[in-house]
Structures are given as C-alpha cells and as structure tokens.
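Peer 1: What follows is upload_25.pdb, PDB, C-alpha atoms, pLDDT in the B column.
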```
ATOM      1  CA  MET A 440      29.023 -24.270  33.874  1.00 66.00           C
ATOM      2  CA  THR A 441      30.233 -24.998  30.361  1.00 81.00           C
ATOM      3  CA  LYS A 442      30.364 -22.416  27.629  1.00 76.00           C
ATOM      4  CA  LEU A 443      27.666 -24.309  25.711  1.00 70.00           C
ATOM      5  CA  ALA A 444      25.316 -24.237  28.705  1.00 67.00           C
ATOM      6  CA  THR A 445      25.954 -20.513  29.161  1.00 68.00           C
ATOM      7  CA  ASN A 446      25.185 -19.820  25.488  1.00 63.00           C
ATOM      8  CA  ILE A 447      21.977 -21.854  25.685  1.00 66.00           C
ATOM      9  CA  ARG A 448      20.829 -19.905  28.761  1.00 69.00           C
ATOM     10  CA  ILE A 449      21.591 -16.596  27.034  1.00 65.00           C
ATOM     11  CA  ALA A 450      19.681 -17.729  23.933  1.00 56.00           C
ATOM     12  CA  ILE A 451      16.686 -18.775  26.034  1.00 69.00           C
ATOM     13  CA  ALA A 452      16.757 -15.446  27.870  1.00 60.00           C
ATOM     14  CA  LEU A 453      16.832 -13.533  24.564  1.00 53.00           C
ATOM     15  CA  VAL A 454      13.960 -15.564  23.120  1.00 53.00           C
ATOM     16  CA  THR A 455      11.959 -14.949  26.301  1.00 57.00           C
ATOM     17  CA  VAL A 456      12.538 -11.185  26.034  1.00 49.00           C
ATOM     18  CA  VAL A 457      11.598 -11.133  22.334  1.00 45.00           C
ATOM     19  CA  LEU A 458       8.406 -13.108  22.963  1.00 49.00           C
ATOM     20  CA  ALA A 459       7.481 -10.886  25.903  1.00 50.00           C
ATOM     21  CA  MET A 460       7.995  -7.749  23.796  1.00 47.00           C
ATOM     22  CA  ALA A 461       5.915  -9.210  20.967  1.00 46.00           C
ATOM     23  CA  ALA A 462       3.091  -9.933  23.403  1.00 47.00           C
ATOM     24  CA  ILE A 463       2.891  -6.343  24.662  1.00 46.00           C
ATOM     25  CA  ALA A 464       3.788  -4.411  21.494  1.00 39.00           C
ATOM     26  CA  PRO A 465       0.881  -3.211  19.363  1.00 38.00           C
ATOM     27  CA  VAL A 466       0.342  -5.273  16.252  1.00 34.00           C
ATOM     28  CA  ALA A 467       0.854  -3.322  13.046  1.00 32.00           C
ATOM     29  CA  SER A 468      -2.043  -3.726  10.677  1.00 33.00           C
ATOM     30  CA  ALA A 469      -1.356  -4.373   7.030  1.00 35.00           C
ATOM     31  CA  GLN A 470      -4.665  -2.784   6.104  1.00 44.00           C
ATOM     32  CA  SER A 471      -5.073   0.868   5.244  1.00 46.00           C
ATOM     33  CA  VAL A 472      -6.642   3.305   7.639  1.00 60.00           C
ATOM     34  CA  ASP A 473     -10.334   3.907   7.003  1.00 87.00           C
ATOM     35  CA  LEU A 474     -11.378   7.426   6.024  1.00 94.00           C
ATOM     36  CA  GLN A 475     -14.567   9.403   6.448  1.00 96.00           C
ATOM     37  CA  VAL A 476     -16.195  11.927   4.129  1.00 98.00           C
ATOM     38  CA  GLN A 477     -18.714  14.299   5.709  1.00 98.00           C
ATOM     39  CA  ILE A 478     -21.861  15.290   3.847  1.00 98.00           C
ATOM     40  CA  ASP A 479     -23.059  18.697   5.014  1.00 97.00           C
ATOM     41  CA  GLN A 480     -24.499  21.873   3.494  1.00 97.00           C
ATOM     42  CA  PHE A 481     -24.764  20.206   0.086  1.00 97.00           C
ATOM     43  CA  ILE A 482     -21.058  19.320  -0.164  1.00 98.00           C
ATOM     44  CA  PHE A 483     -18.825  16.286   0.297  1.00 98.00           C
ATOM     45  CA  ALA A 484     -15.884  17.185   2.544  1.00 98.00           C
ATOM     46  CA  PRO A 485     -13.220  16.566   1.613  1.00 97.00           C
ATOM     47  CA  GLN A 486     -14.386  16.653  -1.976  1.00 97.00           C
ATOM     48  CA  ARG A 487     -11.361  14.695  -3.283  1.00 98.00           C
ATOM     49  CA  ILE A 488      -9.384  12.143  -1.290  1.00 97.00           C
ATOM     50  CA  THR A 489      -6.443   9.892  -2.098  1.00 97.00           C
ATOM     51  CA  VAL A 490      -6.278   6.449  -0.479  1.00 96.00           C
ATOM     52  CA  LYS A 491      -4.395   3.156  -0.835  1.00 96.00           C
ATOM     53  CA  THR A 492      -6.056  -0.017  -2.111  1.00 96.00           C
ATOM     54  CA  GLY A 493      -7.887  -1.830   0.646  1.00 95.00           C
ATOM     55  CA  THR A 494      -9.087   1.400   2.273  1.00 96.00           C
ATOM     56  CA  THR A 495     -12.719   1.668   3.331  1.00 97.00           C
ATOM     57  CA  VAL A 496     -14.258   5.100   2.831  1.00 98.00           C
ATOM     58  CA  THR A 497     -17.355   5.968   4.857  1.00 98.00           C
ATOM     59  CA  TRP A 498     -19.650   8.826   3.920  1.00 98.00           C
ATOM     60  CA  LEU A 499     -21.623  10.271   6.856  1.00 98.00           C
ATOM     61  CA  ASN A 500     -24.644  12.488   6.246  1.00 98.00           C
ATOM     62  CA  ASP A 501     -24.421  15.388   8.704  1.00 98.00           C
ATOM     63  CA  ASP A 502     -26.905  17.432   6.680  1.00 97.00           C
ATOM     64  CA  ASP A 503     -30.522  17.850   7.723  1.00 96.00           C
ATOM     65  CA  ILE A 504     -31.789  16.553   4.374  1.00 97.00           C
ATOM     66  CA  PRO A 505     -31.286  13.195   2.600  1.00 98.00           C
ATOM     67  CA  HIS A 506     -28.397  12.533   0.211  1.00 98.00           C
ATOM     68  CA  THR A 507     -26.927   9.604  -1.723  1.00 98.00           C
ATOM     69  CA  VAL A 508     -23.440   8.534  -2.816  1.00 98.00           C
ATOM     70  CA  VAL A 509     -23.325   7.099  -6.350  1.00 98.00           C
ATOM     71  CA  SER A 510     -20.215   6.381  -8.432  1.00 98.00           C
ATOM     72  CA  ASN A 511     -20.239   7.563 -12.036  1.00 97.00           C
ATOM     73  CA  ASN A 512     -19.192   4.080 -13.188  1.00 95.00           C
ATOM     74  CA  LYS A 513     -21.937   2.366 -11.117  1.00 93.00           C
ATOM     75  CA  LEU A 514     -19.387   0.551  -8.924  1.00 96.00           C
ATOM     76  CA  PHE A 515     -21.155   1.649  -5.731  1.00 97.00           C
ATOM     77  CA  LYS A 516     -24.491   3.220  -4.836  1.00 98.00           C
ATOM     78  CA  SER A 517     -25.860   4.029  -1.404  1.00 98.00           C
ATOM     79  CA  LYS A 518     -29.451   3.985  -0.336  1.00 98.00           C
ATOM     80  CA  THR A 519     -30.902   7.381   0.512  1.00 98.00           C
ATOM     81  CA  LEU A 520     -29.003   8.537   3.602  1.00 98.00           C
ATOM     82  CA  ASP A 521     -31.014  10.388   6.203  1.00 98.00           C
ATOM     83  CA  THR A 522     -29.321  12.565   8.831  1.00 97.00           C
ATOM     84  CA  LYS A 523     -26.579  10.587  10.653  1.00 97.00           C
ATOM     85  CA  ASP A 524     -26.863   7.641   8.221  1.00 98.00           C
ATOM     86  CA  SER A 525     -23.661   6.395   6.644  1.00 98.00           C
ATOM     87  CA  PHE A 526     -22.488   4.380   3.662  1.00 98.00           C
ATOM     88  CA  SER A 527     -19.149   2.569   3.310  1.00 98.00           C
ATOM     89  CA  PHE A 528     -17.231   1.131   0.371  1.00 98.00           C
ATOM     90  CA  THR A 529     -13.846  -0.605   0.259  1.00 97.00           C
ATOM     91  CA  PHE A 530     -11.664   0.308  -2.710  1.00 97.00           C
ATOM     92  CA  MET A 531      -9.659  -2.663  -3.969  1.00 97.00           C
ATOM     93  CA  THR A 532      -8.538  -1.455  -7.419  1.00 96.00           C
ATOM     94  CA  PRO A 533      -6.357   1.577  -8.205  1.00 97.00           C
ATOM     95  CA  GLY A 534      -8.014   4.335 -10.210  1.00 97.00           C
ATOM     96  CA  THR A 535     -10.079   7.499  -9.888  1.00 98.00           C
ATOM     97  CA  TYR A 536     -13.668   7.046  -8.779  1.00 98.00           C
ATOM     98  CA  ASP A 537     -15.884  10.080  -9.364  1.00 98.00           C
ATOM     99  CA  TYR A 538     -19.178  10.144  -7.493  1.00 98.00           C
ATOM    100  CA  PHE A 539     -22.207  12.383  -6.923  1.00 98.00           C
ATOM    101  CA  CYS A 540     -25.453  12.697  -4.995  1.00 98.00           C
ATOM    102  CA  SER A 541     -28.270  11.423  -7.202  1.00 97.00           C
ATOM    103  CA  LEU A 542     -30.736  13.703  -5.380  1.00 98.00           C
ATOM    104  CA  HIS A 543     -28.521  16.770  -5.867  1.00 97.00           C
ATOM    105  CA  PRO A 544     -26.301  16.091  -8.926  1.00 97.00           C
ATOM    106  CA  HIS A 545     -24.298  19.293  -8.436  1.00 97.00           C
ATOM    107  CA  MET A 546     -22.767  17.603  -5.368  1.00 98.00           C
ATOM    108  CA  THR A 547     -19.689  15.767  -6.612  1.00 98.00           C
ATOM    109  CA  GLY A 548     -16.552  14.177  -5.252  1.00 98.00           C
ATOM    110  CA  ALA A 549     -13.732  11.811  -6.139  1.00 98.00           C
ATOM    111  CA  VAL A 550     -11.726   9.043  -4.535  1.00 98.00           C
ATOM    112  CA  VAL A 551      -8.268   8.463  -6.014  1.00 97.00           C
ATOM    113  CA  VAL A 552      -7.044   4.958  -5.186  1.00 97.00           C
ATOM    114  CA  GLU A 553      -3.313   4.276  -5.346  1.00 97.00           C
ATOM    115  CA  ALA A 554      -1.697   0.850  -5.352  1.00 95.00           C
ATOM    116  CA  ALA A 555      -0.658  -0.244  -1.873  1.00 85.00           C
ATOM    117  CA  THR A 556       3.095  -0.709  -1.500  1.00 78.00           C
ATOM    118  CA  GLY A 557       5.461  -1.867   1.209  1.00 52.00           C
ATOM    119  CA  ASN A 558       3.949  -1.700   4.684  1.00 51.00           C
ATOM    120  CA  ASN A 559       0.666  -0.366   3.269  1.00 44.00           C
ATOM    121  CA  ALA A 560       0.015  -3.467   1.176  1.00 45.00           C
ATOM    122  CA  ALA A 561      -3.207  -5.252   1.961  1.00 43.00           C
ATOM    123  CA  PRO A 562      -2.859  -8.999   2.584  1.00 42.00           C
TER     124      PRO A 562
END
```
Could you render the structure as structure tokens?
Peer 2:
Amino acid sequence: MTKLATNIRIAIALVTVVLAMAAIAPVASAQSVDLQVQIDQFIFAPQRITVKTGTTVTWLNDDDIPHTVVSNNKLFKSKTLDTKDSFSFTFMTPGTYDYFCSLHPHMTGAVVVEAATGNNAAP
C-alpha cells in the first residue's frame, strides 16, 4: 500500500470518527436558558433576575388568588393569571425592565437584561 493510500484511509477514518461523535454529542444551543418567576403569597420570587438577551422569562401564579404581570414601560402585559396560569415574555433588548401586579401594585419585580456575548449570543 502506498503512503498516499495509507494517508487517505487514515483521513477517512478520522472523518468517520468525527461525524460519529457529532451525531451522538448533545447539540449546544445558542439560545439562553429560560427562567421562571414564581408568584406566591403576594410576591414575585425571585423579585429581581438578571438574564441574557434572547431569554424567555415565565411567570407562574402559584398563589390562590389572581395576579398580573405588567411592565412599567408597557412593553408586556399579561392577562389576569388564575392559579397555575402562566405568562411568558422573551427579552431581546438589554436594559432594566421593572414590572408589577396591576391588581396588587405593591407587588413589584425587575428583569435586568444583559447583552448576550460569546457562546450565549442568540442567533
């Protein structure tokens, strides 16, 4: 067998291994991990969260009375959330987004959105 033929066989074997590994390895997502905020006992928990752009935040009402999620700048507004209802919003622009429950205005929270960088960048 010539040296060229040997090198071609080695190259084919390496490509086969790389393709096989790619097929079984988990695919890394470029999107941020989604986060959940619990609504219970008249509080948002956590009350303040920091996320990367592209992150979807879901508020879940675990309280036994209705609540809403309304941003101070009117960017998002949920319907009235009964027990176990949820509301989601995807944050695409960096900034601080203060929000409250329109039924109970003393209930407040904030989402701080940071620019996505490196591996956290949304496509």
Peer 1: Which residue is closest to Asp521 of chain A? Choose from A:Ile478, A:Asp537, A:Thr556, A:Thr489 and count all atoms listed in the file.
Peer 2: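 When distances to Asp521 of chain A are compared using all atoms listed in the file, the smallest one comes from A:Ile478.
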Peer 1: Name the closest residue to Ile482 of chain A among the candidates A:Trp498, A:Tyr536, A:Phe515, A:Phe528; distances are taken between atoms, counting all atoms listed in the file.
Peer 2: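 Among A:Trp498, A:Tyr536, A:Phe515, A:Phe528, it is A:Trp498 that comes nearest to Ile482 of chain A.
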Peer 1: Between atom CA of Val509 of chain A and atom CA of Phe539 of chain A, what is the distance in Å, rounded to a tenth?
Peer 2: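 Between these atoms lies a distance of 5.4 Å.
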Peer 1: Just how far from atom CA of Tyr538 of chain A is atom CA of Gln486 of chain A, in Å to one decimal?
Peer 2: 9.8 Å
Peer 1: Using all atoms listed in the file, list the residues that have an atom at most 12 Å from (-17.2, 2.9, -10.9), coordinates as in the file, as a ChimeraX atom specification.
Peer 2: /A:508-516,528,530-539,549-552
Peer 1: Once you have the residues from the selection above, write them out as a compact mmCIF listing (two decimals), in the coordinates of the input, restricted to C-alpha atoms.
Peer 2:
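Saved the output as selection_37.txt:
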```txt
# COMPACT_ATOMS: atom_id res chain seq x y z
CA VAL A 508 -23.44 8.53 -2.82
CA VAL A 509 -23.32 7.10 -6.35
CA SER A 510 -20.22 6.38 -8.43
CA ASN A 511 -20.24 7.56 -12.04
CA ASN A 512 -19.19 4.08 -13.19
CA LYS A 513 -21.94 2.37 -11.12
CA LEU A 514 -19.39 0.55 -8.92
CA PHE A 515 -21.16 1.65 -5.73
CA LYS A 516 -24.49 3.22 -4.84
CA PHE A 528 -17.23 1.13 0.37
CA PHE A 530 -11.66 0.31 -2.71
CA MET A 531 -9.66 -2.66 -3.97
CA THR A 532 -8.54 -1.46 -7.42
CA PRO A 533 -6.36 1.58 -8.20
CA GLY A 534 -8.01 4.34 -10.21
CA THR A 535 -10.08 7.50 -9.89
CA TYR A 536 -13.67 7.05 -8.78
CA ASP A 537 -15.88 10.08 -9.36
CA TYR A 538 -19.18 10.14 -7.49
CA PHE A 539 -22.21 12.38 -6.92
CA ALA A 549 -13.73 11.81 -6.14
CA VAL A 550 -11.73 9.04 -4.54
CA VAL A 551 -8.27 8.46 -6.01
CA VAL A 552 -7.04 4.96 -5.19
```
Peer 1: Using only C-alpha atoms, can you tell me which of A:Thr507, A:Ser541, A:Lys518, A:Thr547 comes closest to Ala484 of chain A?
Peer 2: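 Checking each of A:Thr507, A:Ser541, A:Lys518, A:Thr547 against Ala484 of chain A, counting only C-alpha atoms, the winner is A:Thr547.
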Peer 1: Record the distance separating atom CA of His506 of chain A and atom CA of Glu553 of chain A, expressed in Å with one decimal.
Peer 2: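 Here the two named atoms are 27.0 Å from each other.
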Peer 1: If we count all atoms listed in the file, what is near Thr529 of chain A at a cut-off of 7 Å, once residues fewer than 4 positions away on the same chain are taken out, given as a compact mmCIF listing (two decimals) with C-alpha atoms, in the frame of the given file?
Peer 2:
```
# COMPACT_ATOMS: atom_id res chain seq x y z
CA GLY A 493 -7.89 -1.83 0.65
CA THR A 494 -9.09 1.40 2.27
CA THR A 495 -12.72 1.67 3.33
CA VAL A 496 -14.26 5.10 2.83
```
Peer 1: Care to translate the PyMOL selection byres ((chain A and resi 481) around 10) into actual residues of this file, as a ChimeraX atom specification?
Peer 2: /A:478-480,482-484,500-506,540,543,545-547
Peer 1: Closest to Leu474 of chain A among A:Thr497, A:Thr522, A:Thr441, A:Ser517, using all atoms listed in the file?
Peer 2: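 Of the candidates, the smallest distance to Leu474 of chain A is held by A:Thr497.
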Peer 1: Any chance you could work out the axis-aligned box around segment 499-509 of chain A, listed atoms only, 4 Å on each side, giving centre and edge lengths in Å to one decimal, as lines of an AutoDock Vina configuration file?
Peer 2:
```
center_x = -26.7
center_y = 12.5
center_z = 1.2
size_x = 18.2
size_y = 18.8
size_z = 23.1
```
Peer 1: Put segment 509-525 of chain A into a file with all heavy atoms, as a tab-separated table (two decimals), in the first residue's frame.
Peer 2:
```tsv
chain	number	residue	atom	x	y	z
A	509	VAL	N	-47.19	43.22	34.64
A	509	VAL	CA	-47.27	44.37	33.75
A	509	VAL	C	-45.97	45.17	33.86
A	509	VAL	O	-45.57	45.56	34.96
A	509	VAL	CB	-48.46	45.29	34.12
A	509	VAL	CG1	-48.55	46.49	33.19
A	509	VAL	CG2	-49.76	44.51	34.14
A	510	SER	N	-45.32	45.43	32.72
A	510	SER	CA	-44.08	46.22	32.77
A	510	SER	C	-44.43	47.70	32.92
A	510	SER	O	-45.44	48.18	32.40
A	510	SER	CB	-43.24	46.00	31.52
A	510	SER	OG	-43.84	46.57	30.39
A	511	ASN	N	-43.57	48.41	33.64
A	511	ASN	CA	-43.79	49.84	33.85
A	511	ASN	C	-43.77	50.62	32.54
A	511	ASN	O	-44.45	51.64	32.42
A	511	ASN	CB	-42.72	50.41	34.80
A	511	ASN	CG	-42.89	49.92	36.22
A	511	ASN	OD1	-43.78	49.14	36.53
A	511	ASN	ND2	-42.01	50.36	37.11
A	512	ASN	N	-43.01	50.14	31.56
A	512	ASN	CA	-42.91	50.85	30.28
A	512	ASN	C	-43.89	50.31	29.23
A	512	ASN	O	-43.78	50.63	28.06
A	512	ASN	CB	-41.48	50.79	29.74
A	512	ASN	CG	-41.04	49.38	29.42
A	512	ASN	OD1	-41.79	48.42	29.57
A	512	ASN	ND2	-39.80	49.25	28.97
A	513	LYS	N	-44.84	49.49	29.67
A	513	LYS	CA	-45.90	48.93	28.81
A	513	LYS	C	-45.37	48.02	27.70
A	513	LYS	O	-46.04	47.80	26.69
A	513	LYS	CB	-46.76	50.05	28.24
A	513	LYS	CG	-47.46	50.87	29.30
A	513	LYS	CD	-48.32	51.95	28.70
A	513	LYS	CE	-49.17	52.64	29.70
A	513	LYS	NZ	-48.68	53.59	30.55
A	514	LEU	N	-44.19	47.45	27.88
A	514	LEU	CA	-43.63	46.53	26.88
A	514	LEU	C	-44.37	45.20	26.90
A	514	LEU	O	-44.57	44.58	25.87
A	514	LEU	CB	-42.13	46.31	27.15
A	514	LEU	CG	-41.42	45.38	26.19
A	514	LEU	CD1	-41.42	45.96	24.78
A	514	LEU	CD2	-39.99	45.14	26.66
A	515	PHE	N	-44.77	44.74	28.08
A	515	PHE	CA	-45.53	43.49	28.18
A	515	PHE	C	-46.60	43.63	29.24
A	515	PHE	O	-46.48	44.40	30.18
A	515	PHE	CB	-44.61	42.30	28.47
A	515	PHE	CG	-43.74	42.44	29.69
A	515	PHE	CD1	-44.19	42.08	30.96
A	515	PHE	CD2	-42.44	42.92	29.57
A	515	PHE	CE1	-43.38	42.20	32.07
A	515	PHE	CE2	-41.62	43.03	30.68
A	515	PHE	CZ	-42.09	42.68	31.94
A	516	LYS	N	-47.68	42.85	29.05
A	516	LYS	CA	-48.80	42.86	30.00
A	516	LYS	C	-49.52	41.53	29.88
A	516	LYS	O	-49.98	41.15	28.80
A	516	LYS	CB	-49.76	44.00	29.68
A	516	LYS	CG	-50.96	44.06	30.60
A	516	LYS	CD	-51.88	45.21	30.24
A	516	LYS	CE	-53.07	45.23	31.20
A	516	LYS	NZ	-53.98	46.33	30.89
A	517	SER	N	-49.63	40.83	30.99
A	517	SER	CA	-50.33	39.55	30.98
A	517	SER	C	-51.83	39.77	31.15
A	517	SER	O	-52.26	40.84	31.58
A	517	SER	CB	-49.83	38.66	32.13
A	517	SER	OG	-50.32	39.15	33.38
A	518	LYS	N	-52.57	38.74	30.82
A	518	LYS	CA	-53.98	38.73	31.21
A	518	LYS	C	-54.00	38.43	32.71
A	518	LYS	O	-52.97	38.16	33.31
A	518	LYS	CB	-54.73	37.65	30.42
A	518	LYS	CG	-54.28	36.22	30.75
A	518	LYS	CD	-55.13	35.20	30.00
A	518	LYS	CE	-54.76	33.79	30.35
A	518	LYS	NZ	-55.01	33.37	31.71
A	519	THR	N	-55.15	38.44	33.31
A	519	THR	CA	-55.25	38.05	34.72
A	519	THR	C	-54.92	36.57	34.82
A	519	THR	O	-55.51	35.74	34.11
A	519	THR	CB	-56.66	38.33	35.27
A	519	THR	OG1	-56.92	39.74	35.14
A	519	THR	CG2	-56.78	37.92	36.72
A	520	LEU	N	-53.96	36.25	35.67
A	520	LEU	CA	-53.49	34.87	35.82
A	520	LEU	C	-54.15	34.22	37.03
A	520	LEU	O	-53.92	34.64	38.17
A	520	LEU	CB	-51.96	34.84	36.00
A	520	LEU	CG	-51.13	35.51	34.90
A	520	LEU	CD1	-49.66	35.54	35.29
A	520	LEU	CD2	-51.34	34.80	33.58
A	521	ASP	N	-54.97	33.23	36.78
A	521	ASP	CA	-55.53	32.45	37.87
A	521	ASP	C	-54.48	31.47	38.38
A	521	ASP	O	-53.40	31.34	37.81
A	521	ASP	CB	-56.78	31.69	37.40
A	521	ASP	CG	-57.95	32.63	37.14
A	521	ASP	OD1	-58.11	33.61	37.90
A	521	ASP	OD2	-58.70	32.39	36.17
A	522	THR	N	-54.80	30.74	39.43
A	522	THR	CA	-53.88	29.76	40.00
A	522	THR	C	-53.41	28.79	38.92
A	522	THR	O	-54.22	28.26	38.16
A	522	THR	CB	-54.56	29.00	41.15
A	522	THR	OG1	-55.01	29.96	42.12
A	522	THR	CG2	-53.61	28.02	41.82
A	523	LYS	N	-52.10	28.60	38.84
A	523	LYS	CA	-51.40	27.71	37.89
A	523	LYS	C	-51.36	28.25	36.46
A	523	LYS	O	-50.83	27.58	35.58
A	523	LYS	CB	-51.97	26.28	37.90
A	523	LYS	CG	-51.82	25.60	39.25
A	523	LYS	CD	-50.38	25.52	39.68
A	523	LYS	CE	-50.26	24.88	41.04
A	523	LYS	NZ	-48.94	25.06	41.64
A	524	ASP	N	-51.89	29.46	36.22
A	524	ASP	CA	-51.73	30.09	34.91
A	524	ASP	C	-50.32	30.68	34.82
A	524	ASP	O	-49.70	31.01	35.84
A	524	ASP	CB	-52.74	31.22	34.70
A	524	ASP	CG	-54.12	30.73	34.34
A	524	ASP	OD1	-54.28	29.53	34.03
A	524	ASP	OD2	-55.06	31.56	34.37
A	525	SER	N	-49.84	30.84	33.59
A	525	SER	CA	-48.52	31.42	33.41
A	525	SER	C	-48.54	32.44	32.28
A	525	SER	O	-49.44	32.45	31.44
A	525	SER	CB	-47.48	30.33	33.13
A	525	SER	OG	-47.76	29.70	31.90
```
